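Below is one structure, written out as structure tokens; the observations come after it.
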Amino acid sequence: MEVTTSQFRAQSEKACRDMNLRAVLDHTTRYFQAKRQASLDAFDHRDEHFARARAARLNALARLPELLEELEKNATAAGVTVHWAADAAEARDIITGIAKEENAKVIVKGKSMVTEEIALNPALEAAGAEVWETDLGEFIVQLAGEPPSHIIAPAVHKSRADVATLFAEKLNLHGQSIPELTLLARRALREKFLAADMGITGANMAVAETGSVILVENEGNIRMSTTCPRVHVALMSLEKVAATMQDAADILRVLPRSATGQKMSSYVSVLTGPRHEGETDGAERMHLVILDNGRSRIMADPVLREALACVRCGACLNVCPVYQTIGGHAYGWIYSGPIGSLLSSMLLPPEHTRDLPYGCTLCGACKRTCPLSIDHPKLLLALRAAGNTANALGAAHALLARHPLAYRFAVGTARAVDPKLDLLPRLPGLPGTAAFAASRRPPELKASFTSRHGRLKNAAKKERS
Amino acid sequence: MHAHLFIPCLVEDCHPEAAVAMAAVLEHLNVEVRHPSGQTCCGQLAYKTGDLPNARRLAARYLDVFSAPGPVVCPSGSCVKMVHTYPELFAPGTPEHARARDLAARTFEFCAFVLTLPGADSLGARLNVRACYHGSCQMGEGAEAPRTLLRAVQGLTLLEAERPDRCCGFGGVFSLQFSAVSEALADDKCREILAREPDVLVSAEPSCLMNISGRLARLGHPLPALHVAQVLAAALGKETPPWK
């Protein structure tokens, strides 16, 4: 997809004026929040479980190089071919190379954000393969020619009516109700599973001590992508490793609850190598591609590295007032919401992401909701400081604030000339103030507290004497 | 006992009534209030726009302004949060870091401070008003303190918007850079507040009050916007209810 993060501000302004989108987002984010809350209300010792999950993730990050080597060793021993990709181009080359080697004509994909990150589908199609997204939401956005707009619900921005129209246009399949539409998609996709030569998935986790890849889902399409075709390729970003199966279990205890409000997702697949002698299912050959794509660089930053603890539950999107208002596409890349602003800012060139850290009111709903207690606002502030795009307003205010006499003089002059701040929108060098003043009645400059307090004190003194 | 008044720049010049009321309530509870001179801005704007050098300079100024011992009390959750962030701005082991830690430990949001005072649980405040309380997202762990104080006012009907702790959309520079999104969030907040049919809007965060009341005025449904301290001062008979 075309990366449009540099247009984030304009896109967000446009998106929040789309009242249909706002209605769909309001409905869906409330739905996810209610499901999550209900599941947490019924979750005994939840703080302890959250702490265990956080410990598992931070432990993995602290021991990353060692755990990745252990993962490679154990996955290889289980019969997996392990590949290392430094960046998106290398990962695309590795995976298209496997497709050519296997003469894969039809490829099915399980829902995966990291394959979106490396823009894999166009590369496979350019290499002559037919690629089908098999997650229902991903299938919908693939048909629409759009990127996903939510980490766990790619087509969250589409209404049922949108999907009915899309199926009729693109597939000549006609249905109205959700069960009907789902059945139509299932029929179309079953044929693809049976015809597929190769299946590609992401990885929610990979376990170092066993070399296993863990996949979490509700539709069964990811499992079918790993078992129907003769070849399975799993692509993981390198931070997704877990040290032990116990750590993986600790993470699994909080992931579905935070994502969809389920105690456990309908399907959890633990794949340790391809089909072994005597087994009745599984791919004949399995590849694991471990992708860096900028993450080693993030790991070197002691503050920003916390973002790599993310398990992609999407809960921070659902509670974010900005995401609730503009949806995912406005962010300009595949990752959206609070964690998306962080990941995009870290993974893309800085000149394309200057506005992302500012598209946030710092209200902290994300941090309070995150099962790993990632401090998104703090990290966004660190990115603002790193970008150091000091604005004229801030610089002038800071200069005055350091010199109280000049500060009082400036405010005093403003109070004398323009107490109701009518001129505020017309001041040069203060972009946005005109829009703000049109939208909110600006505050008035009143007699200061200092002068009032002084008068009261003097009056009290006189009374006493 | 005594306390130093920490007056946010927005309150000093645009909402001084909140500070007057804060001083009156503290004095009612036998706290001697002192008002250190030289206060301008705590550095929050610089800090939140990524301008750490200026944030550090302004923080260093405030270490001097509030160098005298004793609690520092402020009618703004977000300014208090900024002072609680001061230690991060200085390298551990430096004298500034030690002073920042000391100042952070003795700086309190007004409502949280009042609840620690003897007599706070028997204020005897009384005021007949339907008050819609906006819980600012900047209040952190002190989110319940304003509610506790308001609930204790006899005659006061405490109302809350449907999503009481949802951000009002201000966010400082956010409201300038993302003005349409900010306005959409303010509209959500105004709609949910007006649905409760309050007489007044109350918050412990002056910037939220400015944002929400400014939008309510533009929408043609103005409401008096009061800091919790103003409600308490009026309920104690220290101030004339400003909306009457």
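Residues are referred to by chain and number: the chain letter is A, B, ... according to the order shown in the structure tokens, the number counts from 1 in that chain, and ligands are numbered separately from 1 in the order shown.
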
* For chain B, which residues have at least one atom within 7 Å of chain A, if we go by only C-alpha atoms? Write them as number ranges by chain, please. -> B: 12-14, 16, 19-20, 38-41, 45-46, 48-52, 54, 58, 137-138, 167, 169-171, 174-181, 183, 210-211, 214-215, 217-218

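Counting only C-alpha atoms, range 84-86 of chain A has the following residues at most 9 Å away, ignoring those fewer than 3 positions along the same chain: Ala89, Glu90, Ala91, Arg92, Ile94, Leu288, Val289, Ile290, Leu291, Asp292, Asn293 and Gly294 of chain A.
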
* To do: Tell me, as a list in words, which residues lie within 12 Å of Gln246 in chain A, counting only C-alpha atoms; anything in the same chain fewer than 2 positions away does not count.
  => Arg52, Ala53, Ala55, Ala56, Arg57, Val207, Ala208, Glu209, Thr210, Ala242, Ala243, Thr244, Ala248, Ala249, Asp250, Ile251, Leu252 and Arg253 of chain A

* **Residue contacts of range 149-163 of chain B (10 Å, only C-alpha atoms) excluding same-chain residues fewer than 4 positions away, as a VMD selection string** => chain B and resid 111 to 112 114 to 115 120 to 135 144 to 145 167 188 to 202 228 to 229 231 to 232 235 to 236

* Asked: Which residues come within 9 Å of Arg285 in chain A, counting only C-alpha atoms, excluding same-chain residues fewer than 4 positions away, as number ranges by chain?
  -> A: 79-81, 230-233, 273-275

Save the residues we just selected, C-alpha atoms, as a short mmCIF file (atom, residue, chain, number, x, y, z; two decimals), in the first residue's frame?
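Below is the file out38.cif, written as the result:
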data_model
loop_
_atom_site.label_atom_id
_atom_site.label_comp_id
_atom_site.auth_asym_id
_atom_site.auth_seq_id
_atom_site.Cartn_x
_atom_site.Cartn_y
_atom_site.Cartn_z
CA GLY A 79 12.31 -29.73 10.66
CA VAL A 80 11.61 -26.04 10.00
CA THR A 81 13.76 -24.08 7.55
CA ARG A 230 1.85 -28.58 1.11
CA VAL A 231 4.06 -25.66 2.19
CA HIS A 232 3.60 -23.34 5.16
CA VAL A 233 5.59 -20.12 5.57
CA GLY A 273 7.72 -28.31 12.60
CA PRO A 274 6.00 -29.69 9.49
CA ARG A 275 4.09 -32.99 9.27
#

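Between CA of Pro350 in chain A and CA of Ala153 in chain A there is a distance of 27.5 Å.
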
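Non-sequential neighbours of Met22 in chain B (distance at most 8 Å, separation of 5 or more positions within a chain, only C-alpha atoms) are Pro75, Phe110, Ala229, Gln230 and Ala233 of chain B.
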
Print the selection's residues with N, CA and C atoms to a file, as a compact mmCIF listing (two decimals), in the first residue's frame.
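To be explicit, this is the file written out as result-v8.txt:
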# COMPACT_ATOMS: atom_id res chain seq x y z
N PRO B 75 -4.56 24.06 41.69
CA PRO B 75 -5.90 23.70 41.22
C PRO B 75 -5.91 23.12 39.80
N PHE B 110 -5.27 20.17 44.37
CA PHE B 110 -6.10 20.79 45.41
C PHE B 110 -7.04 19.80 46.12
N ALA B 229 -13.05 23.92 43.55
CA ALA B 229 -12.80 24.87 44.65
C ALA B 229 -13.88 25.95 44.69
N GLN B 230 -14.34 26.39 43.52
CA GLN B 230 -15.39 27.42 43.49
C GLN B 230 -16.70 26.89 44.05
N ALA B 233 -16.19 26.75 47.84
CA ALA B 233 -16.18 28.09 48.44
C ALA B 233 -17.60 28.65 48.51

* Could you tell me, as a PyMOL selection string, which residues of range 209-281 of chain A DSSP assigns to helix (DSSP H, G or I) when given the backbone? => chain A and resi 221-227+238-240+245-259

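Rounded to one decimal, CA of Ala392 in chain A and CA of Thr413 in chain A lie 19.7 Å from each other.
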